[in-house]
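Student: Sharing a structure below in C-alpha cells format, with a few things to ask.
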Amino acid sequence: MIALELQRKQQYLDKLERQKKALKYIPEPVKQGVLTRVVGLTLEAEGCHAPIGSFCHVETINGGELECEVVGFSENKLLLMPTGDMQGIRPNAAVRPVNEQFQVPVGFGLLGRVIDASGRSLDGLGPLDISGYRPLISEPINPLLRNTIDEPLDVGVKAINAMLTVGRGQRMGLFAGSGVGKSMLLGMMTRFTEAEIIVVGLVGERGREVKEFIEQSLGAEGMARAVVVAAPADQPPLIRLRGAWVATSIAEYFRDQGLKVLLLIDSLTRFAQAQREIALAVGEPPATKGYPPSVFAKLPQLVERAGNGSGSQGSITAFYTVLAEGDDQSDPIVDSARAILDGHVVLSRELADSGHYPAIDIEQSISRAFTQITDAGHQKMVQQLKQLYSSYQRNRDLINIGAYQPGADALVDTAMQKWPQILEFLQQPFTTSVDFKSSMAQLELLLNDQA
C-alpha cells in the first residue's frame, strides 16, 4: 500500500514537472509597440519585444506597412533598420513584431533568373519556380570534414589557368581600383568556366551595371546556368548586406546537390561598407579607418561558407572583387580580404591604361593552392615565366632608352627576345575562351620557343 502511494505521488510530481516545462516554453504573446525615434537609418521602438534578425512591420501614414529588421536593442528599446524607403513614417506609429526570420528561396528553377535580395523576381519572367527555402545565415561546414582542394577548376582565362591556377573549392580575391576591368573579367569566367552552376551576387554596384553585366558580360550562354542576385547601390544597407548572404545560400544549395559551383560576389568592399553603415547607425564605435570591428567579423563569416563540401557534396569556388580605393593595396578591407582568402588576382591600372587585357599583374598575384593542384613541371614553367617577366620590368627603363648592352645578363637577353610573346600570352580577348589544356600548351610553347 505504501509503495502504491509513493508511486502515485511520484506520478503526480512528474505531471506537475511536465506542466511546468510546458508553461515555461509557451511563447510570449506578441505585443504591439510604438515608434519613438528615428535617427538617420535607425528606428527605435518601445513596448514590444523581438529577437535580433527577426522582422517588425511599422505602420505608415497611408495605411501601409514598412518592413524593418531588428538589428539591436538598448534597454527596453528595439533598434530597427528598414528594408525599404522610410517615406510616410510618423511619430508614435504602430510597430508590430512578426517574429520570423528571412528565408532564401532555392531550387533549380532559379537558373536563368534575376532576383533581388528579398528573393523576388526582377526579370519580369513570372513567379519563381522554387523547391524550398534555406536560412539566410547557416553554419559553415566543420573544417575537418571538408574535402581537400586537389584538382584545378578551368575558368577559361589562360593567364589564370596557367599562372594562377585555381582549385575547386578555393576562395580568391580580385583586387583592383575602379574602371580597371573587374566586371569584364568576371563575365569571362561566368561564360567560359567548366563549373556547372554560376551564382552571381551584384552587391552595391551601379544600377545600370546590372543590366549591362547580364546582357553583355554574362550573355545568353552564361545566363542559362546562372542565378543573379542584384542589390544595387540605391538600396538600403540592410538589403545590400543581405544580397551577399542570399547569393551564398543559393550557392550552398547547389553545392549540397553535388555540383561544381562558381560563386562571384561583386563586390566584397560594398558588403563591408553596408555593414559599416549599419554598425555606425546603431552606435558601434569606428576602429580602423572608420570601419567598426563588426565589419572585420562579418567578412570571414561570409567567406568561410564557400569552399568544398564534405563527403559526396560538391564545391563552391568563389571570386570576391575587392575595390582598392585609389588603387591603395593597403586599404583595410583589401588587407583583411588578402588575409582570409586563398589567394588574390591583382589588376593593374598601368596595364589597363596601356591596353593590356585582362590587366592581371602576375608579380603581385598569387594562388595559395597552386602547389597542391599542379605538378613539378607546371610549377617550374610558371617560375621561369615570372623570372623573365620580372627581369624585363626591372630593366625596362634601361632597355627603352637603349642603355642596356645585350650580353650583360643572359636572363634579361632572353626576356627581351621573348617579350612580345610574353605579352601576347598574358592577353586574351574577352570574347575568346582558352581552356586549361590549351593554356598549358601555349605556356610550354612560349618557354621552349627559342626563335
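Letters for chains follow the order of the C-alpha cells (A, B, ...), residue numbers begin at 1 for each chain, and ligand numbers begin at 1 in the order shown.
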Ile239 in chain A: which residues within 12 Å, counting only C-alpha atoms, same-chain residues fewer than 2 positions away excluded, as JSON, numbers by chain?
Tutor: {"A": [67, 68, 69, 81, 82, 83, 84, 85, 102, 116, 117, 118, 119, 202, 203, 204, 229, 230, 231, 232, 233, 234, 235, 236, 237, 241, 242, 243, 244, 245, 246, 270, 271, 274, 275, 277, 278]}
Student: Would you write out, as a Markdown table, a table of all residues in range 122-216 of chain A that have an atom no more than 10 Å from an atom of range 288-303 of chain A, listing for each the closest atom pair and the distance in Å to one decimal, considering only C-alpha atoms and ordering rows by chain and rising residue number?
Tutor:
```
| residue | atom | partner | partner_atom | distance |
| --- | --- | --- | --- | --- |
| A:Ile137 | CA | A:Leu302 | CA | 9.0 |
| A:Ser138 | CA | A:Gln301 | CA | 9.7 |
| A:Glu139 | CA | A:Gln301 | CA | 9.1 |
| A:Pro140 | CA | A:Gln301 | CA | 8.2 |
| A:Arg171 | CA | A:Val303 | CA | 7.4 |
| A:Met172 | CA | A:Val303 | CA | 9.7 |
```
Student: List the neighbours of Cys56 in chain A out to 6 Å using only C-alpha atoms; skip same-chain residues closer than 2 positions along the sequence, and give me the result as a ChimeraX atom specification.
Tutor: /A:68,96-98
Student: Residues at most 10 Å from range 211-225 of chain A, counting only C-alpha atoms, excluding those fewer than 3 positions away in the same chain, as a PyMOL selection string?
Tutor: chain A and resi 108+110-114+123+183-193+195-200+202+206-208+228+230+430-431
Student: Go ahead and save the residues from that selection, with N, CA, C and O atoms, as a CSV table (one decimal), in the first residue's frame.
Tutor:
```csv
chain,number,residue,atom,x,y,z
A,108,PHE,N,16.3,24.5,-58.6
A,108,PHE,CA,16.8,24.5,-60.0
A,108,PHE,C,16.0,25.5,-60.9
A,108,PHE,O,16.5,25.9,-61.9
A,110,LEU,N,15.6,28.5,-60.3
A,110,LEU,CA,16.2,29.8,-60.3
A,110,LEU,C,17.2,30.0,-61.4
A,110,LEU,O,17.6,31.1,-61.7
A,111,LEU,N,17.6,28.9,-62.0
A,111,LEU,CA,18.6,29.1,-63.1
A,111,LEU,C,18.0,29.9,-64.2
A,111,LEU,O,16.9,29.7,-64.7
A,112,GLY,N,18.9,30.9,-64.7
A,112,GLY,CA,18.4,31.8,-65.8
A,112,GLY,C,17.6,32.9,-65.3
A,112,GLY,O,17.1,33.7,-66.1
A,113,ARG,N,17.5,33.1,-63.9
A,113,ARG,CA,16.6,34.1,-63.4
A,113,ARG,C,17.5,35.2,-62.7
A,113,ARG,O,18.6,35.0,-62.2
A,114,VAL,N,16.9,36.4,-62.5
A,114,VAL,CA,17.5,37.5,-61.8
A,114,VAL,C,16.5,37.9,-60.7
A,114,VAL,O,15.4,38.1,-60.9
A,123,ASP,N,13.3,40.0,-63.3
A,123,ASP,CA,13.4,39.9,-64.7
A,123,ASP,C,12.1,39.9,-65.4
A,123,ASP,O,12.0,39.8,-66.7
A,183,SER,N,34.6,43.7,-63.7
A,183,SER,CA,33.4,43.1,-64.2
A,183,SER,C,33.5,42.4,-65.5
A,183,SER,O,32.9,41.3,-65.7
A,184,MET,N,34.4,42.9,-66.4
A,184,MET,CA,34.6,42.2,-67.7
A,184,MET,C,35.3,40.8,-67.4
A,184,MET,O,34.9,39.8,-68.1
A,185,LEU,N,36.2,40.8,-66.5
A,185,LEU,CA,36.9,39.5,-66.2
A,185,LEU,C,35.9,38.5,-65.5
A,185,LEU,O,36.0,37.3,-65.8
A,186,LEU,N,35.1,39.0,-64.7
A,186,LEU,CA,34.0,38.2,-64.1
A,186,LEU,C,33.1,37.6,-65.1
A,186,LEU,O,32.8,36.4,-65.1
A,187,GLY,N,32.8,38.5,-66.1
A,187,GLY,CA,31.9,38.0,-67.2
A,187,GLY,C,32.5,36.9,-68.0
A,187,GLY,O,31.9,35.9,-68.4
A,188,MET,N,33.8,37.0,-68.3
A,188,MET,CA,34.6,36.0,-69.0
A,188,MET,C,34.5,34.6,-68.3
A,188,MET,O,34.2,33.6,-68.8
A,189,MET,N,34.7,34.7,-66.9
A,189,MET,CA,34.7,33.5,-66.2
A,189,MET,C,33.4,32.8,-66.1
A,189,MET,O,33.2,31.6,-66.1
A,190,THR,N,32.3,33.6,-66.0
A,190,THR,CA,31.0,33.1,-66.0
A,190,THR,C,30.6,32.4,-67.3
A,190,THR,O,29.9,31.3,-67.3
A,191,ARG,N,31.1,32.9,-68.4
A,191,ARG,CA,30.8,32.3,-69.7
A,191,ARG,C,31.6,31.1,-70.0
A,191,ARG,O,31.2,30.1,-70.6
A,192,PHE,N,32.9,31.1,-69.6
A,192,PHE,CA,33.9,30.1,-70.1
A,192,PHE,C,34.2,29.0,-69.0
A,192,PHE,O,34.9,28.1,-69.3
A,193,THR,N,33.8,29.2,-67.8
A,193,THR,CA,34.2,28.2,-66.8
A,193,THR,C,33.6,26.8,-67.0
A,193,THR,O,32.5,26.7,-67.6
A,195,ALA,N,32.6,25.1,-64.5
A,195,ALA,CA,31.6,24.9,-63.4
A,195,ALA,C,30.2,24.7,-63.9
A,195,ALA,O,29.8,25.3,-64.9
A,196,GLU,N,29.5,23.9,-63.2
A,196,GLU,CA,28.1,23.5,-63.7
A,196,GLU,C,27.1,24.6,-63.4
A,196,GLU,O,26.1,24.7,-64.1
A,197,ILE,N,27.3,25.3,-62.3
A,197,ILE,CA,26.3,26.3,-61.8
A,197,ILE,C,27.1,27.6,-61.5
A,197,ILE,O,28.2,27.5,-60.9
A,198,ILE,N,26.6,28.7,-61.9
A,198,ILE,CA,27.2,30.0,-61.6
A,198,ILE,C,26.2,30.8,-60.8
A,198,ILE,O,25.0,31.0,-61.2
A,199,VAL,N,26.6,31.3,-59.6
A,199,VAL,CA,25.8,32.2,-58.8
A,199,VAL,C,26.5,33.6,-58.7
A,199,VAL,O,27.7,33.6,-58.3
A,200,VAL,N,25.9,34.6,-59.2
A,200,VAL,CA,26.5,36.0,-59.2
A,200,VAL,C,25.7,36.9,-58.2
A,200,VAL,O,24.5,37.0,-58.3
A,202,LEU,N,25.6,40.7,-57.3
A,202,LEU,CA,25.9,42.1,-57.6
A,202,LEU,C,25.5,43.0,-56.4
A,202,LEU,O,24.3,43.4,-56.3
A,206,ARG,N,26.4,50.0,-59.4
A,206,ARG,CA,25.5,51.0,-60.0
A,206,ARG,C,24.4,50.2,-60.7
A,206,ARG,O,24.6,49.1,-61.3
A,207,GLY,N,23.2,50.8,-60.6
A,207,GLY,CA,22.0,50.1,-61.2
A,207,GLY,C,22.1,49.7,-62.6
A,207,GLY,O,21.7,48.7,-63.1
A,208,ARG,N,22.7,50.6,-63.4
A,208,ARG,CA,22.8,50.4,-64.9
A,208,ARG,C,23.8,49.2,-65.2
A,208,ARG,O,23.7,48.5,-66.2
A,228,VAL,N,21.4,35.2,-60.8
A,228,VAL,CA,21.9,36.5,-60.5
A,228,VAL,C,21.1,37.1,-59.4
A,228,VAL,O,19.9,37.2,-59.4
A,230,ALA,N,20.7,40.6,-57.4
A,230,ALA,CA,21.1,42.1,-57.6
A,230,ALA,C,20.6,42.9,-56.4
A,230,ALA,O,19.4,42.9,-56.0
A,430,PHE,N,38.1,39.4,-74.7
A,430,PHE,CA,37.0,39.0,-73.7
A,430,PHE,C,36.0,38.1,-74.4
A,430,PHE,O,35.2,37.5,-73.7
A,431,THR,N,36.0,38.0,-75.7
A,431,THR,CA,35.1,37.1,-76.4
A,431,THR,C,35.6,35.7,-76.6
A,431,THR,O,34.9,34.8,-77.2
```
Student: Range 217-442 of chain A: which residues are strand (DSSP E or B) by DSSP, as a PyMOL selection string?
Tutor: chain A and resi 226-231+260-266+288+291+307-308+310+315-323+343-347+360+366-367
Student: Residues at most 9 Å from range 145-153 of chain A, counting only C-alpha atoms, excluding those fewer than 2 positions away in the same chain, as a list in words?
Tutor: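 Returned residues: Ile141, Asn142, Pro143, Val155, Asn161, Thr165, Val166, Gly167, Arg168, Gly169, Gln170, Thr193, Glu194, Ala195, Gly307, Asn308, Gly309, Ser310, Gly311, Gln313, Ser315, Thr317, Ala369, Phe370, Gln372, Ile373, Thr374 and Phe436 of chain A.
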